[in-house]
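Engineer: First, the structure itself, so that you have it in front of you.
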There are 2 protein chains.
Amino acid sequence: MNSKFLDDVTHVKSSSKTLPERVADQIRQLIIDRHMENGDQLPNEFELAQQLNVSRGSVREAVKLLVARNVLELRRGKGTFIADNTGVVDDPFGFAYLEDEPRLANELMDIRRQLEPWIAAKAAEQANDQDIAELRVLQYKVEELIQSGQDHLAADQQLHIRIADCTDNRVLRELVPVITYSVHLFGNLTQRRLRQETIDTHAAVVDAIAAHDPEAAREAMQEHLKHNRLSLTGASE
Amino acid sequence: MNSKFLDDVTHVKSSSKTLPERVADQIRQLIIDRHMENGDQLPNEFELAQQLNVSRGSVREAVKLLVARNVLELRRGKGTFIADNTGVVDDPFGFAYLEDEPRLANELMDIRRQLEPWIAAKAAEQANDQDIAELRVLQYKVEELIQSGQDHLAADQQLHIRIADCTDNRVLRELVPVITYSVHLFGNLTQRRLRQETIDTHAAVVDAIAAHDPEAAREAMQEHLKHNRLSLTGASE
C-alpha cells in the first residue's frame with residue numbers, strides 16, 4: 001500500500017493505453033468539441049478512420065469500447081449514435097462485486113441520510129406542476145403495489161430518483177439512482193407496520209414538495225429514511 | 001418525456017442485449033459466484049467458452065466489454081485478470097460530456113458541501129496513525145506546490161480522497177473521487193489570498209482529524225469548502 005500510495009501522489013497514472021483506447025479518446029474529444037448530443041449520429045467508420053488517420057479496424061474496436069461505456073449506441077442498419085445519458089454506466093462503482101450486502105446497504109443508507117433530506121428540500125423549492133403530478137403518480141403506484149402485496153421496490157426507487165429530477169442539479173440526478181441501489185437490498189421487509197410507514201412517509205414527502213415547503217420536505221425525508229434504517233437494523237438481527 | 005416516463009414506471013427496461021453482452025453478464029456472475037478478487041486470474045478463453053457453452057469469439061468480445069468496464073484487465077502474455085477496483089470506471093457520470101463547466105463546478109460543490117464535512121467528522125473518528133501520517137504527507141505536498149507556484153490541484157484532490165479513505169464506508173471512497181472532479185474546474189485561481197486560505201484550512205482539517213475531534217473536523221471542512229465556493233463565485237464574475 002505504502003509504495004503504491006507514494007506513487008499515486010508523485011506521478012500521474014502512467015499511460016499504457018492500447019491503440020483502440022487512444023482512438024476512443026480521440027472520438028470522445030470529437031464528440032465534446034462538436035457539442036454532439038444524445039441521438040446525434042457519429043460519422044461512419046470510413047470517415048472517422050480518415051479524419052483520425054487510423055485504420056478502420058481501430059475505429060471499430062474504439063467504437064466497441066465506447067458502446068461498452070455507454071458513450072455510443074449502435075442502431076442496426078442505421079449507424080452509430082451518441083447514447084442517451086452519454087457516458088453514464090449502470091453500477092458505476094461496481095457494487096455487484098462488493099462482498100457483504102448488509103454492510104453495503106448500511107453504507108448506502110448513511111449517504112442517503114446525508115443527501116436525500118437536502119434533495120427533498122431542493123425539490124420543494126424547484127418542482128413545477130408537471131414534476132408534482134409525476135411524483136403523485138409514483139407515490140400512488142408504490143402505495144398500490146404495497147397494498148396488493150406486490151414488489152414495490154423498483155417503483156420506490158423511481159420515486160426517489162424522480163424527486164432528485166425535480167432539482168436543477170444534474171449530478172444529483174445521476175447520483176440518486178446509484179445510492180438508491182440499496183433499495184433492492186431491503187427486499188426482505190415483510191412486516192406490515194413498516195410497509196404502512198413507507199406509505200405514510202412517502203406521502204408526507206410528496207405533500208411537502210407539492211406545498212413548496214423545503215423544511216417540511218427535509219424533515220419528512222429524514223423521517224422516511226429513519227424508518228428505513230430501523231427496518232434494516234431489524235432485518236439483520 | 002411523458003410517455004417515456006410512464007414506460008419507465010410500468011416496465012422493467014426491455015432486454016435487447018447482444019450475445020457478447022449476455023456472455024459478459026454470465027462472466028460477471030461467475031466472478032461474483034466464485035468470490036474472485038482483484039488480481040485473480042480468469043479461466044482462459046477456451047475454458048470459458050466450454051463452461052458457458054458459447055463460441056470463443058463471443059467470449060473474446062465479452063472480455064473486451066468487461067475490460068472497457070474495468071471489470072477485467074489483460075496482461076500481455078499472462079492472461080486475463082480481475083481488475084483493481086473491479087467495475088469502477090473513470091468519470092462514471094460522463095461529466096466530460098456535460099455542457100457548461102462553471103455550472104457543473106457549482107453542482108459538484110453543492111454536493112461536496114453536504115457530504116465532505118460529514119466525511120471529515122467520520123475520518124476524525126476512524127483514522128489510524130498510518131492514515132494521519134499519509135494525510136500529513138499530502139497536506140504538506142499541496143502546501144509545497146502552492147508555495148512554489150506549481151499546479152496543486154491533483155494533490156489537492158488526492159488529499160480529499162485520502163480523507164474519505166480514512167472512513168469505513170466503501171461507497172464514500174468511490175464517491176469522493178467523482179465529486180472532487182470539480183477540483184480541476186477551479187484551475188483559474190491565481191489570487192494569493194485564496195491559495196493561503198487553502199493551505200490554512202487544509203491544515204485545520206488534518207489537525208482536527210489527527211486530534212480525533214469530529215466536530216472540529218466538520219467545521220474545518222465547512223470553512224474550507226466555503227472558501228472554495230467564494231473563489232468559484234469570484235471566478236465566474
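So you can find residues: chains in the C-alpha cells are A, B, ... in the order shown, residues in each start at 1, and ligands are numbered from 1 in order.
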Would you write out, as JSON lines, a table of all residues in chain A that have an atom no more than 8 Å from an atom of chain B, listing for each the closest atom pair and the distance in Å to one decimal, considering only C-alpha atoms and ordering rows by chain and rising residue number?
Structural biologist:
```
{"residue": "A:Val9", "atom": "CA", "partner": "B:Ala155", "partner_atom": "CA", "distance": 6.6}
{"residue": "A:Ile31", "atom": "CA", "partner": "B:Tyr97", "partner_atom": "CA", "distance": 7.8}
{"residue": "A:Ile32", "atom": "CA", "partner": "B:Tyr97", "partner_atom": "CA", "distance": 6.0}
{"residue": "A:His35", "atom": "CA", "partner": "B:Glu99", "partner_atom": "CA", "distance": 8.0}
{"residue": "A:Lys64", "atom": "CA", "partner": "B:Leu65", "partner_atom": "CA", "distance": 7.6}
{"residue": "A:Leu65", "atom": "CA", "partner": "B:Ala68", "partner_atom": "CA", "distance": 5.5}
{"residue": "A:Leu66", "atom": "CA", "partner": "B:Ala68", "partner_atom": "CA", "distance": 7.9}
{"residue": "A:Ala68", "atom": "CA", "partner": "B:Leu65", "partner_atom": "CA", "distance": 5.5}
{"residue": "A:Arg69", "atom": "CA", "partner": "B:Arg69", "partner_atom": "CA", "distance": 6.5}
{"residue": "A:Asn85", "atom": "CA", "partner": "B:Gly94", "partner_atom": "CA", "distance": 7.9}
{"residue": "A:Thr86", "atom": "CA", "partner": "B:Gly94", "partner_atom": "CA", "distance": 6.1}
{"residue": "A:Gly87", "atom": "CA", "partner": "B:Gly94", "partner_atom": "CA", "distance": 4.3}
{"residue": "A:Val88", "atom": "CA", "partner": "B:Phe93", "partner_atom": "CA", "distance": 4.6}
{"residue": "A:Val89", "atom": "CA", "partner": "B:Pro92", "partner_atom": "CA", "distance": 6.2}
{"residue": "A:Asp91", "atom": "CA", "partner": "B:Gly87", "partner_atom": "CA", "distance": 7.9}
{"residue": "A:Pro92", "atom": "CA", "partner": "B:Pro92", "partner_atom": "CA", "distance": 5.5}
{"residue": "A:Phe93", "atom": "CA", "partner": "B:Val88", "partner_atom": "CA", "distance": 4.6}
{"residue": "A:Gly94", "atom": "CA", "partner": "B:Gly87", "partner_atom": "CA", "distance": 4.3}
{"residue": "A:Ala96", "atom": "CA", "partner": "B:Ile32", "partner_atom": "CA", "distance": 7.5}
{"residue": "A:Tyr97", "atom": "CA", "partner": "B:Ile32", "partner_atom": "CA", "distance": 6.0}
{"residue": "A:Leu104", "atom": "CA", "partner": "B:Val171", "partner_atom": "CA", "distance": 7.8}
{"residue": "A:Glu107", "atom": "CA", "partner": "B:Asn169", "partner_atom": "CA", "distance": 5.6}
{"residue": "A:Leu108", "atom": "CA", "partner": "B:Val171", "partner_atom": "CA", "distance": 6.9}
{"residue": "A:Ile111", "atom": "CA", "partner": "B:Leu172", "partner_atom": "CA", "distance": 7.9}
{"residue": "A:Gln114", "atom": "CA", "partner": "B:Leu115", "partner_atom": "CA", "distance": 6.8}
{"residue": "A:Leu115", "atom": "CA", "partner": "B:Gln114", "partner_atom": "CA", "distance": 6.8}
{"residue": "A:Leu138", "atom": "CA", "partner": "B:Val9", "partner_atom": "CA", "distance": 7.6}
{"residue": "A:Ala155", "atom": "CA", "partner": "B:Val9", "partner_atom": "CA", "distance": 6.6}
{"residue": "A:Gln158", "atom": "CA", "partner": "B:Val9", "partner_atom": "CA", "distance": 7.1}
{"residue": "A:Asn169", "atom": "CA", "partner": "B:Glu107", "partner_atom": "CA", "distance": 5.6}
{"residue": "A:Arg170", "atom": "CA", "partner": "B:Glu107", "partner_atom": "CA", "distance": 7.1}
{"residue": "A:Val171", "atom": "CA", "partner": "B:Glu107", "partner_atom": "CA", "distance": 6.5}
{"residue": "A:Leu172", "atom": "CA", "partner": "B:Ile111", "partner_atom": "CA", "distance": 7.9}
{"residue": "A:Glu174", "atom": "CA", "partner": "B:Phe93", "partner_atom": "CA", "distance": 6.5}
```
Engineer: Separation of atom CA of B:His152 and atom CA of B:Ala123, in Å?
Structural biologist: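 A separation of 22.5 Å between them.
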Engineer: Once DSSP has gone over the backbone, tell me which residues of stretch 24-230 of chain B are in alpha helix (DSSP H), as a VMD selection string.
Structural biologist: chain B and resid 24 to 33 45 to 52 56 to 68 101 to 126 129 to 147 153 to 165 170 to 179 192 to 210 214 to 230
Engineer: Go ahead and compute the interatomic distance for atom CA of B:Leu30 and atom CA of A:Tyr181, in Å to one decimal.
Structural biologist: 21.1 Å
Engineer: My list of candidates is A:Ala211, A:Ile161, A:Leu153, A:Val23. Which is closest to A:Ala49 when distances are computed with only C-alpha atoms?
Structural biologist: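 So, comparing all the options, the nearest one is A:Val23.
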Engineer: Would you pick out the contacts of stretch 72-84 of chain B at 6 Å or less, using only C-alpha atoms, so that residues sharing its chain but fewer than 5 positions from it are not included, and give the list as number ranges by chain?
Structural biologist: B: 38-42, 66-67
Engineer: Kindly save the residues from that selection, with N, CA and C atoms included, as a PDB file, in the first residue's frame.
Structural biologist:
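The file below, selection_36.pdb, is the result:
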```pdb
ATOM      1  N   ASN B  38      -9.674  -8.729  -6.981  1.00  0.00           N
ATOM      2  CA  ASN B  38      -8.601  -8.021  -7.692  1.00  0.00           C
ATOM      3  C   ASN B  38      -7.377  -8.914  -7.867  1.00  0.00           C
ATOM      4  N   GLY B  39      -6.924  -9.072  -9.087  1.00  0.00           N
ATOM      5  CA  GLY B  39      -5.677  -9.797  -9.315  1.00  0.00           C
ATOM      6  C   GLY B  39      -5.859 -11.282  -9.563  1.00  0.00           C
ATOM      7  N   ASP B  40      -7.042 -11.840  -9.252  1.00  0.00           N
ATOM      8  CA  ASP B  40      -7.282 -13.254  -9.570  1.00  0.00           C
ATOM      9  C   ASP B  40      -7.344 -13.444 -11.086  1.00  0.00           C
ATOM     10  N   GLN B  41      -6.867 -14.607 -11.545  1.00  0.00           N
ATOM     11  CA  GLN B  41      -6.863 -14.856 -12.987  1.00  0.00           C
ATOM     12  C   GLN B  41      -8.165 -15.522 -13.434  1.00  0.00           C
ATOM     13  N   LEU B  42      -8.684 -15.049 -14.553  1.00  0.00           N
ATOM     14  CA  LEU B  42      -9.889 -15.645 -15.143  1.00  0.00           C
ATOM     15  C   LEU B  42      -9.476 -16.913 -15.897  1.00  0.00           C
ATOM     16  N   LEU B  66     -15.880  -6.227 -20.850  1.00  0.00           N
ATOM     17  CA  LEU B  66     -15.597  -6.175 -19.410  1.00  0.00           C
ATOM     18  C   LEU B  66     -14.290  -5.436 -19.131  1.00  0.00           C
ATOM     19  N   VAL B  67     -13.376  -5.449 -20.085  1.00  0.00           N
ATOM     20  CA  VAL B  67     -12.164  -4.633 -19.945  1.00  0.00           C
ATOM     21  C   VAL B  67     -12.542  -3.153 -20.032  1.00  0.00           C
TER      22      VAL B  67
END
```
Engineer: I'd like the neighbourhood of B:Arg56 as a ChimeraX atom specification, where a residue qualifies if any of its atoms comes within 8 Å (using only C-alpha atoms), though same-chain residues fewer than 6 positions away should be ignored.
Structural biologist: /B:45-46,48-49
Engineer: Keeping only C-alpha atoms, write the selected residues to a file as an mmCIF file, in the first residue's frame.
Structural biologist:
```cif
data_model
loop_
_atom_site.group_PDB
_atom_site.id
_atom_site.type_symbol
_atom_site.label_atom_id
_atom_site.label_comp_id
_atom_site.auth_asym_id
_atom_site.auth_seq_id
_atom_site.Cartn_x
_atom_site.Cartn_y
_atom_site.Cartn_z
ATOM 1 C CA GLU B 45 -10.929 -18.251 -23.459
ATOM 2 C CA PHE B 46 -11.137 -21.933 -24.321
ATOM 3 C CA LEU B 48 -14.773 -20.153 -20.563
ATOM 4 C CA ALA B 49 -16.260 -20.978 -23.957
#
```
Engineer: I'd like the interatomic distance between atom CA of A:Pro214 and atom CA of B:Asp100, to a tenth of an Å.
Structural biologist: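 Between atom CA of A:Pro214 and atom CA of B:Asp100 the gap works out to 27.1 Å.
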Engineer: Between A:Gln50, A:Ile132, A:Glu116, A:Ala210, which is the closest to A:Glu223 once you count only C-alpha atoms?
Structural biologist: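 Looking only at the distances to A:Glu223, the closest residue turns out to be A:Glu116.
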Engineer: Can you pull out the residues contacting A:Leu19? Cut-off 12 Å, using only C-alpha atoms, and skip same-chain residues under 4 positions away; I want them as a ChimeraX atom specification.
Structural biologist: /A:15,23-26,54-55,57-62,65
